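S.K.: What follows is a single structure, and I will ask about it in a moment.
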Amino acid sequence: MENNRFKGRGKSLLVLYSYHHHNTEKIAKVMAEVLNAEIKMPDQINPDELQEYDLVGFGSGIYSAKHDESLLELADVIPEVNNKNAFIFSTAGITGKSKSAKDHSKLREKLVSKGYTVIDEFQCKGFNTNSFLRLFGGMNKGRPNTEDLKNAEEFAKSLI
């Protein structure tokens, strides 16, 4: 992960896949507002159009320790770029610095291999009712919460 930041207010895009409880969508909307960014689903993206953006965020919930397959498949087919800025974001049932680094590793590797500079990464807890958790009412009910959304806003501000 690089320490340099996206300079200025160029054209920004968030590529988002969020479905179960729309946890990641809530985070993306806050970030998009700060960055004045469009939000598109992976299936709405023509891979070549990513060239038009100065900053691209890629995010989804974490499923089996990785981003949604649709994001990973998009990362496989996007054209190579020369040092374009990107960031990665997610919501997950279990979070933490080493956990998020692991959760983001597959997507990060794909983006870096295509020439993207991943300038930062964001993860927060999301309400999770996958598999057996639904039998117990899930975990992280009410997440992302107000504090998570504020952290997402601060994260987005730190990018510009």
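Note on naming: chains are A, B, ... as they come in the structure tokens, residues start from 1 per chain, ligands start from 1 in the order shown.
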I need the alpha helix (DSSP H) residues of chain A per DSSP on the backbone, written as a tab-separated table (two decimals) with N, CA and C atoms, in the first residue's frame.
M.R.:
chain	number	residue	atom	x	y	z
A	23	ASN	N	-24.76	-3.50	3.26
A	23	ASN	CA	-23.79	-2.89	4.18
A	23	ASN	C	-22.76	-2.06	3.42
A	24	THR	N	-22.16	-2.66	2.41
A	24	THR	CA	-21.08	-1.99	1.70
A	24	THR	C	-21.62	-0.82	0.87
A	25	GLU	N	-22.85	-0.94	0.42
A	25	GLU	CA	-23.47	0.16	-0.32
A	25	GLU	C	-23.60	1.40	0.57
A	26	LYS	N	-23.94	1.22	1.84
A	26	LYS	CA	-24.04	2.34	2.77
A	26	LYS	C	-22.70	3.07	2.88
A	27	ILE	N	-21.64	2.30	2.98
A	27	ILE	CA	-20.29	2.88	3.06
A	27	ILE	C	-19.96	3.59	1.75
A	28	ALA	N	-20.25	2.94	0.63
A	28	ALA	CA	-19.93	3.50	-0.69
A	28	ALA	C	-20.64	4.83	-0.91
A	29	LYS	N	-21.89	4.94	-0.49
A	29	LYS	CA	-22.64	6.18	-0.70
A	29	LYS	C	-22.00	7.35	0.04
A	30	VAL	N	-21.52	7.10	1.24
A	30	VAL	CA	-20.83	8.15	2.01
A	30	VAL	C	-19.54	8.55	1.29
A	31	MET	N	-18.77	7.57	0.86
A	31	MET	CA	-17.52	7.86	0.16
A	31	MET	C	-17.78	8.60	-1.16
A	32	ALA	N	-18.80	8.17	-1.89
A	32	ALA	CA	-19.13	8.78	-3.18
A	32	ALA	C	-19.50	10.26	-3.01
A	33	GLU	N	-20.21	10.55	-1.94
A	33	GLU	CA	-20.59	11.95	-1.68
A	33	GLU	C	-19.34	12.81	-1.49
A	34	VAL	N	-18.40	12.34	-0.69
A	34	VAL	CA	-17.16	13.09	-0.44
A	34	VAL	C	-16.34	13.25	-1.72
A	35	LEU	N	-16.25	12.16	-2.49
A	35	LEU	CA	-15.39	12.15	-3.68
A	35	LEU	C	-16.11	12.66	-4.93
A	69	GLU	N	-16.95	-12.34	-6.16
A	69	GLU	CA	-16.38	-12.88	-7.41
A	69	GLU	C	-16.53	-11.91	-8.58
A	70	SER	N	-17.63	-11.15	-8.63
A	70	SER	CA	-17.84	-10.23	-9.75
A	70	SER	C	-16.76	-9.14	-9.80
A	71	LEU	N	-16.28	-8.70	-8.64
A	71	LEU	CA	-15.19	-7.72	-8.61
A	71	LEU	C	-13.88	-8.35	-9.04
A	72	LEU	N	-13.64	-9.56	-8.58
A	72	LEU	CA	-12.39	-10.26	-8.94
A	72	LEU	C	-12.36	-10.56	-10.44
A	73	GLU	N	-13.51	-10.93	-10.99
A	73	GLU	CA	-13.58	-11.20	-12.44
A	73	GLU	C	-13.35	-9.92	-13.24
A	74	LEU	N	-13.91	-8.80	-12.77
A	74	LEU	CA	-13.68	-7.52	-13.45
A	74	LEU	C	-12.20	-7.18	-13.41
A	75	ALA	N	-11.56	-7.36	-12.26
A	75	ALA	CA	-10.13	-7.06	-12.14
A	75	ALA	C	-9.29	-7.90	-13.10
A	76	ASP	N	-9.78	-9.09	-13.44
A	76	ASP	CA	-9.06	-9.94	-14.39
A	76	ASP	C	-9.09	-9.38	-15.81
A	77	VAL	N	-10.14	-8.65	-16.16
A	77	VAL	CA	-10.32	-8.22	-17.55
A	77	VAL	C	-10.07	-6.73	-17.79
A	97	LYS	N	-6.86	-5.15	11.37
A	97	LYS	CA	-5.85	-4.76	10.40
A	97	LYS	C	-5.31	-5.95	9.60
A	98	SER	N	-4.89	-7.00	10.28
A	98	SER	CA	-4.33	-8.15	9.55
A	98	SER	C	-5.43	-8.90	8.80
A	99	LYS	N	-6.65	-8.91	9.36
A	99	LYS	CA	-7.78	-9.57	8.69
A	99	LYS	C	-8.13	-8.84	7.41
A	100	SER	N	-8.19	-7.52	7.45
A	100	SER	CA	-8.54	-6.76	6.25
A	100	SER	C	-7.45	-6.89	5.19
A	101	ALA	N	-6.19	-6.90	5.61
A	101	ALA	CA	-5.09	-7.08	4.64
A	101	ALA	C	-5.25	-8.42	3.92
A	102	LYS	N	-5.61	-9.46	4.67
A	102	LYS	CA	-5.81	-10.78	4.08
A	102	LYS	C	-7.05	-10.79	3.18
A	103	ASP	N	-8.15	-10.21	3.68
A	103	ASP	CA	-9.40	-10.17	2.91
A	103	ASP	C	-9.22	-9.44	1.58
A	104	HIS	N	-8.41	-8.40	1.58
A	104	HIS	CA	-8.22	-7.56	0.40
A	104	HIS	C	-7.10	-8.06	-0.52
A	105	SER	N	-6.35	-9.06	-0.08
A	105	SER	CA	-5.12	-9.44	-0.79
A	105	SER	C	-5.37	-9.90	-2.23
A	106	LYS	N	-6.39	-10.68	-2.47
A	106	LYS	CA	-6.63	-11.20	-3.82
A	106	LYS	C	-6.95	-10.06	-4.79
A	107	LEU	N	-7.85	-9.15	-4.39
A	107	LEU	CA	-8.19	-8.02	-5.24
A	107	LEU	C	-6.99	-7.09	-5.40
A	108	ARG	N	-6.29	-6.81	-4.30
A	108	ARG	CA	-5.11	-5.93	-4.36
A	108	ARG	C	-4.08	-6.47	-5.35
A	109	GLU	N	-3.78	-7.76	-5.27
A	109	GLU	CA	-2.80	-8.37	-6.18
A	109	GLU	C	-3.22	-8.20	-7.64
A	110	LYS	N	-4.50	-8.41	-7.92
A	110	LYS	CA	-4.99	-8.27	-9.30
A	110	LYS	C	-4.85	-6.83	-9.79
A	111	LEU	N	-5.23	-5.86	-8.94
A	111	LEU	CA	-5.15	-4.45	-9.34
A	111	LEU	C	-3.69	-4.02	-9.55
A	112	VAL	N	-2.83	-4.39	-8.63
A	112	VAL	CA	-1.41	-4.03	-8.75
A	112	VAL	C	-0.81	-4.65	-10.01
A	113	SER	N	-1.20	-5.89	-10.32
A	113	SER	CA	-0.67	-6.55	-11.52
A	113	SER	C	-1.11	-5.84	-12.80
A	146	THR	N	-23.41	4.58	12.77
A	146	THR	CA	-23.07	5.99	12.55
A	146	THR	C	-21.57	6.22	12.62
A	147	GLU	N	-20.91	5.58	13.57
A	147	GLU	CA	-19.45	5.74	13.70
A	147	GLU	C	-18.73	5.15	12.47
A	148	ASP	N	-19.19	4.00	11.98
A	148	ASP	CA	-18.60	3.40	10.78
A	148	ASP	C	-18.75	4.34	9.59
A	149	LEU	N	-19.93	4.94	9.44
A	149	LEU	CA	-20.17	5.85	8.33
A	149	LEU	C	-19.29	7.09	8.45
A	150	LYS	N	-19.11	7.58	9.66
A	150	LYS	CA	-18.22	8.73	9.90
A	150	LYS	C	-16.79	8.35	9.54
A	151	ASN	N	-16.37	7.15	9.91
A	151	ASN	CA	-15.01	6.69	9.57
A	151	ASN	C	-14.85	6.56	8.05
A	152	ALA	N	-15.89	6.12	7.37
A	152	ALA	CA	-15.84	6.02	5.90
A	152	ALA	C	-15.71	7.41	5.29
A	153	GLU	N	-16.44	8.37	5.84
A	153	GLU	CA	-16.35	9.75	5.37
A	153	GLU	C	-14.94	10.31	5.57
A	154	GLU	N	-14.38	10.09	6.75
A	154	GLU	CA	-13.01	10.56	7.03
A	154	GLU	C	-11.99	9.88	6.12
A	155	PHE	N	-12.20	8.60	5.89
A	155	PHE	CA	-11.32	7.87	4.96
A	155	PHE	C	-11.35	8.52	3.59
A	156	ALA	N	-12.54	8.78	3.06
A	156	ALA	CA	-12.68	9.38	1.74
A	156	ALA	C	-12.03	10.77	1.70
A	157	LYS	N	-12.22	11.54	2.75
A	157	LYS	CA	-11.59	12.88	2.82
A	157	LYS	C	-10.07	12.75	2.80
A	158	SER	N	-9.55	11.69	3.42
A	158	SER	CA	-8.10	11.52	3.47
A	158	SER	C	-7.51	11.18	2.10
A	159	LEU	N	-8.36	10.76	1.17
A	159	LEU	CA	-7.88	10.41	-0.17
A	159	LEU	C	-7.65	11.65	-1.04
S.K.: Could you go through region 17-68 of chain A and tell me which residues DSSP, when run on the backbone, assigns to strand (DSSP E), listing them as a ChimeraX atom specification?
M.R.: /A:17,38-40,55-63,66-67
S.K.: Could those selected residues go to a file with C-alpha atoms, as a compact mmCIF listing (two decimals), in the first residue's frame?
M.R.:
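Everything below was put into result_28.txt:
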# COMPACT_ATOMS: atom_id res chain seq x y z
CA TYR A 17 -21.13 -5.10 -5.33
CA GLU A 38 -20.32 7.74 -9.54
CA ILE A 39 -21.22 4.28 -8.22
CA LYS A 40 -21.54 1.36 -10.65
CA LEU A 55 -9.43 7.45 -8.92
CA VAL A 56 -11.32 4.15 -8.77
CA GLY A 57 -12.56 2.49 -5.58
CA PHE A 58 -13.36 -1.22 -5.63
CA GLY A 59 -15.56 -2.64 -2.89
CA SER A 60 -17.92 -5.38 -1.75
CA GLY A 61 -18.73 -7.45 1.26
CA ILE A 62 -16.20 -10.13 2.15
CA TYR A 63 -17.26 -13.69 1.35
CA LYS A 66 -12.28 -12.34 -0.34
CA HIS A 67 -14.27 -9.76 -2.28
S.K.: Which one is closest to Ile160 (chain A): A:Ala65, A:Lys114, A:Pro42, A:Asp54? Count only C-alpha atoms.
M.R.: A:Asp54
S.K.: Calculate how many Å separate CA of Ala37 (chain A) from CA of Tyr53 (chain A), rounding to one decimal.
M.R.: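 That distance, rounded to one decimal, is 9.7 Å.
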S.K.: At what distance in Å, to one decimal, does CA of Val81 (chain A) lie from CA of Glu49 (chain A)?
M.R.: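 Separating CA of Glu49 (chain A) from CA of Val81 (chain A) is a distance of 11.8 Å.
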S.K.: Using only C-alpha atoms for the distances, tell me which of A:Ile88, A:Glu80, A:Asp68, A:Gln51 is nearest to Tyr19 (chain A).
M.R.: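 Using only C-alpha atoms, Tyr19 (chain A) sits closest to A:Asp68.
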S.K.: Just the number, please: distance in Å from CA of Ile119 (chain A) to CA of Gly96 (chain A), one decimal.
M.R.: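 So the two atoms, CA of Ile119 (chain A) and CA of Gly96 (chain A), lie 18.5 Å apart.
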